[in-house]
There are 2 protein chains.
Amino acid sequence: MNKTGKKKDTAVILLSGGMDSAAALGVLAQKYKPAALHLNYGQRTEAKELDCFARLCDHYGIEQRLIVDVSYLEQIGGSSLTDRNMIVPKANLDSKEVPNTYVPFRNAHILCIATSWAEVIGAKKIFIGAVSEDSSGYPDTRPEFYEAFEKVIKTGTRAGGSIKIETPVIDLSKAEIVKLGLELKVPFKYTWSCYVGNEKACGVCDSCALRLRGFAKAGAKDPIEYEQVFKTEIFV
Amino acid sequence: MNKTGKKKDTAVILLSGGMDSAAALGVLAQKYKPAALHLNYGQRTEAKELDCFARLCDHYGIEQRLIVDVSYLEQIGGSSLTDRNMIVPKANLDSKEVPNTYVPFRNAHILCIATSWAEVIGAKKIFIGAVSEDSSGYPDTRPEFYEAFEKVIKTGTRAGGSIKIETPVIDLSKAEIVKLGLELKVPFKYTWSCYVGNEKACGVCDSCALRLRGFAKAGAKDPIEYEQVFKTEIFV
């Protein structure tokens, strides 16, 4: 219930278990009732991320949870070594433009799943913790992409234009995301960033380094445990 | 090679194994080199459809084939009986607006997969045998939806605006699709429409009746075998 006694609208949050989507959930929870969607790619840190997803859901009292296996994405973007149905010309296999780890148009798939679920459960908003800074030039992380996708939702769903996409952290740096999350009391202890799937975060991979730098710049202590802590002083 | 000796561009065809997509393939094959995409929903006629997919691919000499398992769609649209991760409020479970068989926004998922694959293999067109007449009012079969989706492709792919969606049979009746296919020498013997998964088509389900009526109106004989033939005279 909100202050006027009216029941809160439901909003879908794409909750990976990372910091950015946790911060986006913090923003969502101020106004909406969250429904949490987690996508499983079969990545090796999946157990950790799924654990964070469950803990964040418990923390925010989220009842509506959906975990979708999107391993079909690997099949589309995969090499002929892993996909027996796909015959790719050699010219494409050797191309540097589309590495095997990159799935073109990935965020469109993610938004499709979120949109279908939003329509099924009657949610009016989809929150996604996309960050432009992370985009590395990928086209499907730009604001124009999200605007165009909203028009597809408008023309392609029964709900019409009533489902909107929210990208509350798209223009923020990692340090700003830390600050925002701390203001909103987001439990960052239930988030995972490390590329390695060990018990504690490694502290030295790219993702750990970015996270630690974000906390250092925000003047805060990262609440998760590390095997070793990257010297963040050099960044600040 | 086309008449000018230039290598043909590749176009992706969404090839279900049904008549409409087979006719769309016939149109495509006049100008482009086809790459065939088949989506497996785990439906009970899947074996028949997959067989038609393979035969159509062989007939047109299609080397690039991709079969993607999209059973995750059932999970999104499914009831809580089949999806243990999903908790749907009772109000929605009883809703008549979203039946369990309907996946909202389904065609957006299909186009996402086609777009990702088109980008991976360098295809410039995506052909889909969507038919407005079949839409039953579903929003994601309208031309506006396809136009909006093209803008998402433009903003969300590396290829930018160079991938276009073609819907060559969208305004045709079933009889017109039969006529078009026969003109283009589409082997309708390698297509399947029956909802029942028996050896021969049942001849009496809705889908068989529509197909038989289409052939009757086109003044042609359906080349597939039926267990019994629905009296189509009443339609003509």
# chains A, B, ... in the order shown; residues from 1 in each chain; ligands from 1
$ residues_around --residues "stretch 127-134 of chain B" --least-positions-apart "6" --cutoff "12 Å" --atoms "only C-alpha atoms" --output "short mmCIF file (atom, residue, chain, number, x, y, z; two decimals) with N, CA, C and O atoms, in the first residue's frame"
data_model
loop_
_atom_site.label_atom_id
_atom_site.label_comp_id
_atom_site.auth_asym_id
_atom_site.auth_seq_id
_atom_site.Cartn_x
_atom_site.Cartn_y
_atom_site.Cartn_z
N THR B 10 22.18 -13.23 -48.47
CA THR B 10 21.48 -14.22 -47.67
C THR B 10 20.28 -13.58 -46.98
O THR B 10 20.34 -12.44 -46.53
N ALA B 11 19.17 -14.32 -46.92
CA ALA B 11 17.99 -13.88 -46.16
C ALA B 11 17.56 -15.03 -45.25
O ALA B 11 17.57 -16.19 -45.65
N VAL B 12 17.20 -14.67 -44.00
CA VAL B 12 16.72 -15.67 -43.05
C VAL B 12 15.23 -15.90 -43.28
O VAL B 12 14.47 -14.95 -43.44
N ILE B 13 14.82 -17.17 -43.31
CA ILE B 13 13.40 -17.51 -43.39
C ILE B 13 13.00 -18.25 -42.11
O ILE B 13 13.67 -19.20 -41.70
N LEU B 14 11.92 -17.78 -41.49
CA LEU B 14 11.36 -18.50 -40.35
C LEU B 14 10.49 -19.62 -40.91
O LEU B 14 9.39 -19.37 -41.42
N LEU B 15 10.99 -20.83 -40.84
CA LEU B 15 10.38 -21.96 -41.55
C LEU B 15 9.79 -22.95 -40.55
O LEU B 15 10.50 -23.77 -39.97
N SER B 16 8.49 -22.86 -40.37
CA SER B 16 7.83 -23.69 -39.36
C SER B 16 7.57 -25.10 -39.86
O SER B 16 7.44 -26.03 -39.08
N GLY B 17 7.45 -25.22 -41.18
CA GLY B 17 7.01 -26.48 -41.75
C GLY B 17 5.57 -26.39 -42.22
O GLY B 17 5.03 -27.31 -42.82
N GLY B 18 4.94 -25.23 -41.97
CA GLY B 18 3.57 -25.00 -42.43
C GLY B 18 3.55 -24.39 -43.83
O GLY B 18 4.60 -24.10 -44.41
N MET B 19 2.34 -24.21 -44.36
CA MET B 19 2.19 -23.70 -45.73
C MET B 19 2.63 -22.26 -45.91
O MET B 19 3.18 -21.89 -46.94
N ASP B 20 2.29 -21.42 -44.91
CA ASP B 20 2.53 -19.98 -45.07
C ASP B 20 4.02 -19.68 -45.16
O ASP B 20 4.46 -18.89 -46.01
N SER B 21 4.79 -20.32 -44.29
CA SER B 21 6.24 -20.04 -44.32
C SER B 21 6.88 -20.69 -45.54
O SER B 21 7.86 -20.17 -46.08
N ALA B 22 6.31 -21.81 -45.99
CA ALA B 22 6.84 -22.43 -47.22
C ALA B 22 6.63 -21.50 -48.42
O ALA B 22 7.52 -21.33 -49.25
N ALA B 23 5.44 -20.86 -48.47
CA ALA B 23 5.17 -19.89 -49.55
C ALA B 23 6.11 -18.69 -49.44
O ALA B 23 6.63 -18.20 -50.46
N ALA B 24 6.34 -18.24 -48.21
CA ALA B 24 7.27 -17.11 -48.00
C ALA B 24 8.67 -17.49 -48.47
O ALA B 24 9.39 -16.67 -49.05
N LEU B 25 9.05 -18.75 -48.24
CA LEU B 25 10.36 -19.24 -48.72
C LEU B 25 10.41 -19.21 -50.24
O LEU B 25 11.43 -18.84 -50.83
N GLY B 26 9.29 -19.58 -50.87
CA GLY B 26 9.22 -19.53 -52.33
C GLY B 26 9.49 -18.12 -52.85
O GLY B 26 10.22 -17.93 -53.83
N VAL B 27 8.91 -17.12 -52.18
CA VAL B 27 9.13 -15.72 -52.57
C VAL B 27 10.60 -15.34 -52.35
O VAL B 27 11.26 -14.77 -53.22
N LEU B 28 11.10 -15.68 -51.17
CA LEU B 28 12.50 -15.38 -50.82
C LEU B 28 13.47 -15.94 -51.86
O LEU B 28 14.39 -15.24 -52.31
N ALA B 29 13.24 -17.21 -52.24
CA ALA B 29 14.21 -17.93 -53.08
C ALA B 29 14.35 -17.33 -54.47
O ALA B 29 15.32 -17.59 -55.18
N LYS B 31 14.96 -14.24 -55.05
CA LYS B 31 15.98 -13.19 -55.04
C LYS B 31 17.17 -13.44 -54.12
O LYS B 31 18.24 -12.88 -54.32
N TYR B 32 16.96 -14.25 -53.07
CA TYR B 32 18.01 -14.40 -52.05
C TYR B 32 18.43 -15.85 -51.87
O TYR B 32 17.73 -16.78 -52.27
N LYS B 33 19.55 -15.99 -51.15
CA LYS B 33 20.01 -17.30 -50.72
C LYS B 33 19.40 -17.54 -49.34
O LYS B 33 19.66 -16.79 -48.41
N PRO B 34 18.58 -18.60 -49.19
CA PRO B 34 17.89 -18.76 -47.91
C PRO B 34 18.76 -19.39 -46.81
O PRO B 34 19.55 -20.29 -47.07
N ALA B 35 18.57 -18.89 -45.58
CA ALA B 35 19.09 -19.52 -44.37
C ALA B 35 17.86 -19.80 -43.51
O ALA B 35 17.07 -18.89 -43.25
N ALA B 36 17.67 -21.07 -43.11
CA ALA B 36 16.38 -21.45 -42.53
C ALA B 36 16.45 -21.61 -41.01
O ALA B 36 17.32 -22.30 -40.49
N LEU B 37 15.50 -20.96 -40.34
CA LEU B 37 15.42 -21.00 -38.87
C LEU B 37 14.12 -21.68 -38.45
O LEU B 37 13.04 -21.30 -38.90
N HIS B 38 14.25 -22.69 -37.61
CA HIS B 38 13.08 -23.41 -37.12
C HIS B 38 13.03 -23.33 -35.60
O HIS B 38 14.04 -23.54 -34.93
N ASN B 107 5.71 -13.15 -31.08
CA ASN B 107 6.41 -12.86 -32.33
C ASN B 107 7.62 -11.97 -32.14
O ASN B 107 8.54 -11.99 -32.95
N ALA B 108 7.64 -11.20 -31.05
CA ALA B 108 8.83 -10.40 -30.76
C ALA B 108 10.00 -11.32 -30.40
O ALA B 108 11.13 -11.10 -30.84
N ILE B 110 10.40 -14.40 -31.46
CA ILE B 110 10.78 -15.06 -32.71
C ILE B 110 11.66 -14.14 -33.56
O ILE B 110 12.70 -14.56 -34.09
N LEU B 111 11.25 -12.88 -33.67
CA LEU B 111 12.03 -11.93 -34.46
C LEU B 111 13.39 -11.63 -33.83
O LEU B 111 14.36 -11.39 -34.53
N ALA B 114 15.60 -14.47 -34.85
CA ALA B 114 15.93 -14.31 -36.27
C ALA B 114 16.93 -13.17 -36.48
O ALA B 114 17.85 -13.28 -37.30
N THR B 115 16.75 -12.09 -35.75
CA THR B 115 17.64 -10.93 -35.90
C THR B 115 19.06 -11.27 -35.44
O THR B 115 20.05 -10.94 -36.10
N ALA B 118 20.54 -13.48 -38.02
CA ALA B 118 20.81 -12.70 -39.24
C ALA B 118 22.10 -11.91 -39.05
O ALA B 118 22.95 -11.85 -39.95
N ASP B 140 0.63 -8.72 -32.00
CA ASP B 140 1.96 -8.88 -32.59
C ASP B 140 1.94 -9.56 -33.96
O ASP B 140 2.92 -10.16 -34.39
N THR B 141 0.80 -9.46 -34.65
CA THR B 141 0.77 -9.92 -36.04
C THR B 141 0.43 -8.76 -36.98
O THR B 141 0.28 -8.97 -38.18
N ARG B 142 0.30 -7.56 -36.44
CA ARG B 142 -0.08 -6.40 -37.26
C ARG B 142 1.14 -5.78 -37.94
O ARG B 142 2.23 -5.78 -37.38
N PRO B 143 0.93 -5.21 -39.15
CA PRO B 143 2.05 -4.55 -39.83
C PRO B 143 2.75 -3.50 -38.97
O PRO B 143 3.97 -3.38 -39.02
N GLU B 144 2.02 -2.75 -38.15
CA GLU B 144 2.64 -1.71 -37.29
C GLU B 144 3.68 -2.32 -36.38
O GLU B 144 4.69 -1.69 -36.05
N PHE B 145 3.39 -3.53 -35.91
CA PHE B 145 4.34 -4.21 -35.03
C PHE B 145 5.65 -4.48 -35.76
O PHE B 145 6.74 -4.22 -35.23
N TYR B 146 5.56 -4.95 -36.99
CA TYR B 146 6.78 -5.26 -37.75
C TYR B 146 7.57 -3.99 -38.08
O TYR B 146 8.80 -3.98 -38.06
N ILE B 163 19.22 -4.66 -41.72
CA ILE B 163 18.39 -5.88 -41.66
C ILE B 163 16.91 -5.47 -41.70
O ILE B 163 16.44 -4.73 -40.84
N LYS B 164 16.21 -5.94 -42.71
CA LYS B 164 14.80 -5.59 -42.89
C LYS B 164 13.91 -6.82 -42.76
O LYS B 164 14.34 -7.93 -43.09
N ILE B 165 12.68 -6.59 -42.32
CA ILE B 165 11.71 -7.69 -42.17
C ILE B 165 10.79 -7.70 -43.39
O ILE B 165 10.26 -6.66 -43.78
N GLU B 166 10.60 -8.88 -43.96
CA GLU B 166 9.70 -9.03 -45.11
C GLU B 166 8.55 -9.96 -44.73
O GLU B 166 8.78 -11.05 -44.21
N THR B 167 7.33 -9.52 -44.99
CA THR B 167 6.14 -10.33 -44.68
C THR B 167 5.34 -10.52 -45.97
O THR B 167 4.28 -9.91 -46.15
N PRO B 168 5.85 -11.38 -46.88
CA PRO B 168 5.27 -11.43 -48.23
C PRO B 168 3.85 -11.97 -48.32
O PRO B 168 3.20 -11.77 -49.35
N VAL B 169 3.37 -12.67 -47.29
CA VAL B 169 2.01 -13.24 -47.40
C VAL B 169 1.04 -12.63 -46.38
O VAL B 169 -0.07 -13.13 -46.20
N ILE B 170 1.45 -11.52 -45.75
CA ILE B 170 0.68 -10.99 -44.62
C ILE B 170 -0.77 -10.63 -44.99
O ILE B 170 -1.67 -10.80 -44.18
N ASP B 171 -0.99 -10.17 -46.22
CA ASP B 171 -2.35 -9.75 -46.59
C ASP B 171 -3.10 -10.79 -47.42
O ASP B 171 -4.17 -10.51 -47.94
N LEU B 172 -2.53 -11.98 -47.55
CA LEU B 172 -3.16 -12.99 -48.41
C LEU B 172 -4.11 -13.92 -47.64
O LEU B 172 -3.91 -14.18 -46.45
N SER B 173 -5.11 -14.39 -48.37
CA SER B 173 -5.98 -15.45 -47.82
C SER B 173 -5.27 -16.79 -48.04
O SER B 173 -4.29 -16.88 -48.78
N LYS B 174 -5.79 -17.84 -47.42
CA LYS B 174 -5.18 -19.17 -47.58
C LYS B 174 -5.21 -19.59 -49.06
O LYS B 174 -4.22 -20.14 -49.57
N ALA B 175 -6.31 -19.30 -49.74
CA ALA B 175 -6.41 -19.65 -51.17
C ALA B 175 -5.37 -18.90 -51.99
O ALA B 175 -4.75 -19.47 -52.90
N GLU B 176 -5.16 -17.64 -51.66
CA GLU B 176 -4.15 -16.84 -52.38
C GLU B 176 -2.74 -17.37 -52.10
O GLU B 176 -1.88 -17.34 -52.98
N ILE B 177 -2.53 -17.85 -50.88
CA ILE B 177 -1.22 -18.43 -50.54
C ILE B 177 -0.99 -19.72 -51.36
O ILE B 177 0.10 -19.95 -51.87
N ASP B 206 -9.45 -27.99 -37.18
CA ASP B 206 -9.59 -26.63 -37.73
C ASP B 206 -8.52 -26.32 -38.77
O ASP B 206 -8.80 -25.76 -39.83
N SER B 207 -7.30 -26.71 -38.43
CA SER B 207 -6.20 -26.35 -39.31
C SER B 207 -6.27 -27.10 -40.64
O SER B 207 -6.03 -26.52 -41.70
N LEU B 210 -9.11 -25.50 -42.72
CA LEU B 210 -8.68 -24.23 -43.34
C LEU B 210 -7.79 -24.49 -44.55
O LEU B 210 -7.92 -23.84 -45.59
#
$ closest_atom_pairs --of "stretch 140-229 of chain B" --to "stretch 53-61 of chain B" --cutoff "8 Å" --atoms "only C-alpha atoms" --output "tab-separated table"
residue	atom	partner	partner_atom	distance
B:Pro187	CA	B:Leu56	CA	7.5
B:Tyr190	CA	B:Leu56	CA	6.2
B:Thr191	CA	B:Phe53	CA	7.9
$ select_by_dssp --residues "stretch 116-150 of chain A" --states "alpha helix (DSSP H)" --output "list of chain:residue names"
A:Ser116, A:Trp117, A:Ala118, A:Glu119, A:Val120, A:Ile121, A:Pro143, A:Glu144, A:Phe145, A:Tyr146, A:Glu147, A:Ala148, A:Phe149, A:Glu150
$ write_last_selection --atoms "N, CA and C atoms" --output "tab-separated table (two decimals), in the first residue's frame"
chain	number	residue	atom	x	y	z
A	116	SER	N	6.88	-10.12	-21.96
A	116	SER	CA	5.88	-11.19	-21.92
A	116	SER	C	5.41	-11.43	-20.49
A	117	TRP	N	6.38	-11.48	-19.58
A	117	TRP	CA	6.03	-11.74	-18.18
A	117	TRP	C	5.24	-10.57	-17.60
A	118	ALA	N	5.66	-9.35	-17.91
A	118	ALA	CA	4.94	-8.16	-17.43
A	118	ALA	C	3.48	-8.24	-17.89
A	119	GLU	N	3.28	-8.66	-19.13
A	119	GLU	CA	1.91	-8.74	-19.63
A	119	GLU	C	1.12	-9.83	-18.90
A	120	VAL	N	1.77	-10.96	-18.65
A	120	VAL	CA	1.09	-12.07	-17.96
A	120	VAL	C	0.68	-11.66	-16.54
A	121	ILE	N	1.56	-10.95	-15.83
A	121	ILE	CA	1.26	-10.63	-14.43
A	121	ILE	C	0.67	-9.23	-14.24
A	143	PRO	N	20.28	4.43	-25.01
A	143	PRO	CA	18.91	4.89	-24.73
A	143	PRO	C	17.98	4.81	-25.95
A	144	GLU	N	18.49	5.10	-27.16
A	144	GLU	CA	17.65	5.03	-28.36
A	144	GLU	C	17.05	3.64	-28.55
A	145	PHE	N	17.86	2.64	-28.19
A	145	PHE	CA	17.37	1.26	-28.31
A	145	PHE	C	16.16	1.04	-27.38
A	146	TYR	N	16.27	1.53	-26.16
A	146	TYR	CA	15.16	1.33	-25.21
A	146	TYR	C	13.91	2.09	-25.65
A	147	GLU	N	14.12	3.28	-26.22
A	147	GLU	CA	12.97	4.05	-26.73
A	147	GLU	C	12.28	3.31	-27.87
A	148	ALA	N	13.09	2.76	-28.79
A	148	ALA	CA	12.50	2.02	-29.92
A	148	ALA	C	11.78	0.77	-29.41
A	149	PHE	N	12.37	0.13	-28.39
A	149	PHE	CA	11.75	-1.09	-27.88
A	149	PHE	C	10.38	-0.80	-27.26
A	150	GLU	N	10.26	0.37	-26.63
A	150	GLU	CA	8.95	0.73	-26.05
A	150	GLU	C	7.87	0.80	-27.12
$ closest_residue --among "A:Ile62, A:Ile224, A:Leu182, A:Val68" --to "chain B" --atoms "only C-alpha atoms"
A:Val68
$ residues_around --residues "B:Tyr226" --least-positions-apart "2" --cutoff "8 Å" --atoms "only C-alpha atoms" --output "list in words"
Lys200, Ala201, Cys202, Gly203, Ile224, Gln228 and Val229 of chain B
$ atom_distance --atom1 "atom CA of A:Arg106" --atom2 "atom CA of A:Ala209"
24.9 Å
$ closest_residue --among "B:Cys52, B:Ala47, B:Leu66, B:Leu39" --to "chain A" --atoms "only C-alpha atoms"
B:Leu66
$ select_by_dssp --residues "stretch 30-231 of chain A" --states "strand (DSSP E)" --output "PyMOL selection string"
chain A and resi 33-40+65-69+125-127+164-166
$ write_last_selection --atoms "all heavy atoms" --output "compact mmCIF listing (two decimals), in the first residue's frame"
# COMPACT_ATOMS: atom_id res chain seq x y z
N LYS A 33 5.60 -2.44 -6.43
CA LYS A 33 5.74 -3.79 -5.86
C LYS A 33 6.59 -4.59 -6.85
O LYS A 33 6.19 -4.79 -8.00
CB LYS A 33 4.34 -4.41 -5.74
CG LYS A 33 4.32 -5.79 -5.13
CD LYS A 33 2.89 -6.34 -5.15
CE LYS A 33 2.94 -7.84 -4.91
NZ LYS A 33 1.83 -8.54 -5.54
N PRO A 34 7.77 -5.09 -6.41
CA PRO A 34 8.64 -5.74 -7.39
C PRO A 34 8.25 -7.18 -7.72
O PRO A 34 7.81 -7.94 -6.85
CB PRO A 34 10.02 -5.73 -6.72
CG PRO A 34 9.83 -5.29 -5.31
CD PRO A 34 8.39 -4.95 -5.08
N ALA A 35 8.41 -7.55 -8.99
CA ALA A 35 8.34 -8.93 -9.45
C ALA A 35 9.70 -9.19 -10.10
O ALA A 35 10.12 -8.43 -10.98
CB ALA A 35 7.22 -9.12 -10.47
N ALA A 36 10.41 -10.22 -9.64
CA ALA A 36 11.82 -10.36 -10.02
C ALA A 36 12.04 -11.44 -11.07
O ALA A 36 11.58 -12.58 -10.93
CB ALA A 36 12.66 -10.65 -8.79
N LEU A 37 12.76 -11.07 -12.13
CA LEU A 37 13.05 -11.97 -13.24
C LEU A 37 14.56 -12.20 -13.32
O LEU A 37 15.34 -11.25 -13.35
CB LEU A 37 12.55 -11.33 -14.54
CG LEU A 37 12.87 -12.03 -15.86
CD1 LEU A 37 12.31 -13.44 -15.91
CD2 LEU A 37 12.31 -11.22 -17.04
N HIS A 38 14.96 -13.46 -13.32
CA HIS A 38 16.38 -13.81 -13.39
C HIS A 38 16.61 -14.69 -14.61
O HIS A 38 15.87 -15.63 -14.85
CB HIS A 38 16.79 -14.56 -12.13
CG HIS A 38 18.25 -14.92 -12.09
ND1 HIS A 38 19.22 -14.00 -11.73
CD2 HIS A 38 18.89 -16.06 -12.36
CE1 HIS A 38 20.41 -14.59 -11.79
NE2 HIS A 38 20.24 -15.84 -12.17
N LEU A 39 17.63 -14.37 -15.38
CA LEU A 39 17.93 -15.16 -16.57
C LEU A 39 19.18 -16.00 -16.34
O LEU A 39 20.21 -15.48 -15.89
CB LEU A 39 18.12 -14.24 -17.77
CG LEU A 39 16.92 -13.33 -18.06
CD1 LEU A 39 17.17 -12.49 -19.29
CD2 LEU A 39 15.65 -14.13 -18.23
N ASN A 40 19.06 -17.26 -16.62
CA ASN A 40 20.15 -18.21 -16.41
C ASN A 40 20.80 -18.55 -17.75
O ASN A 40 20.18 -19.11 -18.63
CB ASN A 40 19.55 -19.47 -15.77
CG ASN A 40 20.60 -20.48 -15.42
OD1 ASN A 40 21.75 -20.38 -15.84
ND2 ASN A 40 20.20 -21.47 -14.66
N ARG A 65 8.48 -14.39 -8.55
CA ARG A 65 9.85 -14.63 -9.02
C ARG A 65 9.78 -15.54 -10.23
O ARG A 65 9.02 -16.50 -10.24
CB ARG A 65 10.69 -15.32 -7.95
CG ARG A 65 10.68 -14.63 -6.62
CD ARG A 65 11.46 -15.42 -5.57
NE ARG A 65 11.27 -14.83 -4.24
CZ ARG A 65 11.93 -15.19 -3.16
NH1 ARG A 65 12.84 -16.14 -3.22
NH2 ARG A 65 11.70 -14.61 -1.99
N LEU A 66 10.61 -15.26 -11.22
CA LEU A 66 10.66 -16.13 -12.39
C LEU A 66 12.11 -16.29 -12.83
O LEU A 66 12.83 -15.31 -12.99
CB LEU A 66 9.82 -15.54 -13.54
CG LEU A 66 9.80 -16.35 -14.85
CD1 LEU A 66 9.15 -17.70 -14.66
CD2 LEU A 66 9.07 -15.56 -15.94
N ILE A 67 12.52 -17.54 -12.97
CA ILE A 67 13.88 -17.83 -13.45
C ILE A 67 13.75 -18.50 -14.80
O ILE A 67 13.11 -19.55 -14.92
CB ILE A 67 14.62 -18.74 -12.45
CG1 ILE A 67 14.75 -18.03 -11.09
CG2 ILE A 67 16.00 -19.12 -12.99
CD1 ILE A 67 15.00 -18.96 -9.93
N VAL A 68 14.33 -17.91 -15.82
CA VAL A 68 14.19 -18.43 -17.19
C VAL A 68 15.56 -18.87 -17.72
O VAL A 68 16.54 -18.14 -17.63
CB VAL A 68 13.57 -17.37 -18.14
CG1 VAL A 68 13.53 -17.90 -19.56
CG2 VAL A 68 12.17 -17.00 -17.68
N ASP A 69 15.58 -20.06 -18.26
CA ASP A 69 16.81 -20.60 -18.86
C ASP A 69 16.93 -20.07 -20.28
O ASP A 69 16.15 -20.43 -21.15
CB ASP A 69 16.73 -22.13 -18.86
CG ASP A 69 18.01 -22.76 -19.42
OD1 ASP A 69 18.81 -22.05 -20.05
OD2 ASP A 69 18.19 -23.96 -19.24
N LYS A 125 5.59 -1.58 -15.51
CA LYS A 125 6.96 -1.09 -15.71
C LYS A 125 7.92 -2.27 -15.75
O LYS A 125 7.71 -3.28 -15.07
CB LYS A 125 7.39 -0.20 -14.54
CG LYS A 125 6.56 1.04 -14.33
CD LYS A 125 7.11 2.21 -15.09
CE LYS A 125 6.28 3.46 -14.80
NZ LYS A 125 6.72 4.59 -15.63
N ILE A 126 9.01 -2.06 -16.52
CA ILE A 126 10.12 -3.01 -16.52
C ILE A 126 11.37 -2.22 -16.15
O ILE A 126 11.74 -1.28 -16.87
CB ILE A 126 10.31 -3.65 -17.91
CG1 ILE A 126 9.10 -4.51 -18.28
CG2 ILE A 126 11.59 -4.48 -17.96
CD1 ILE A 126 9.02 -4.86 -19.75
N PHE A 127 11.98 -2.56 -15.03
CA PHE A 127 13.22 -1.91 -14.61
C PHE A 127 14.41 -2.76 -15.03
O PHE A 127 14.43 -3.97 -14.78
CB PHE A 127 13.24 -1.72 -13.09
CG PHE A 127 12.47 -0.52 -12.61
CD1 PHE A 127 11.09 -0.47 -12.71
CD2 PHE A 127 13.14 0.57 -12.06
CE1 PHE A 127 10.38 0.65 -12.28
CE2 PHE A 127 12.44 1.69 -11.62
CZ PHE A 127 11.06 1.73 -11.73
N LYS A 164 6.07 0.37 -19.65
CA LYS A 164 7.20 1.26 -19.93
C LYS A 164 8.50 0.67 -19.38
O LYS A 164 8.48 -0.04 -18.37
CB LYS A 164 6.96 2.62 -19.27
CG LYS A 164 5.70 3.33 -19.73
CD LYS A 164 5.85 3.89 -21.12
CE LYS A 164 4.58 4.65 -21.54
NZ LYS A 164 4.60 4.99 -22.97
N ILE A 165 9.60 1.02 -20.04
CA ILE A 165 10.92 0.55 -19.60
C ILE A 165 11.59 1.65 -18.79
O ILE A 165 11.62 2.81 -19.21
CB ILE A 165 11.81 0.19 -20.81
CG1 ILE A 165 11.14 -0.90 -21.64
CG2 ILE A 165 13.19 -0.25 -20.35
CD1 ILE A 165 11.80 -1.13 -22.99
N GLU A 166 12.13 1.29 -17.64
CA GLU A 166 12.84 2.25 -16.79
C GLU A 166 14.31 1.81 -16.67
O GLU A 166 14.58 0.65 -16.34
CB GLU A 166 12.22 2.30 -15.39
CG GLU A 166 10.77 2.75 -15.35
CD GLU A 166 10.61 4.26 -15.44
OE1 GLU A 166 11.58 4.98 -15.13
OE2 GLU A 166 9.51 4.70 -15.82
$ closest_residue --among "A:Gly214, A:Gly122, A:Gly219, A:Gly156" --to "chain B" --atoms "only C-alpha atoms"
A:Gly156
$ closest_residue --among "A:Glu183, A:Glu199, A:Glu225, A:Glu74" --to "chain B" --atoms "only C-alpha atoms"
A:Glu74
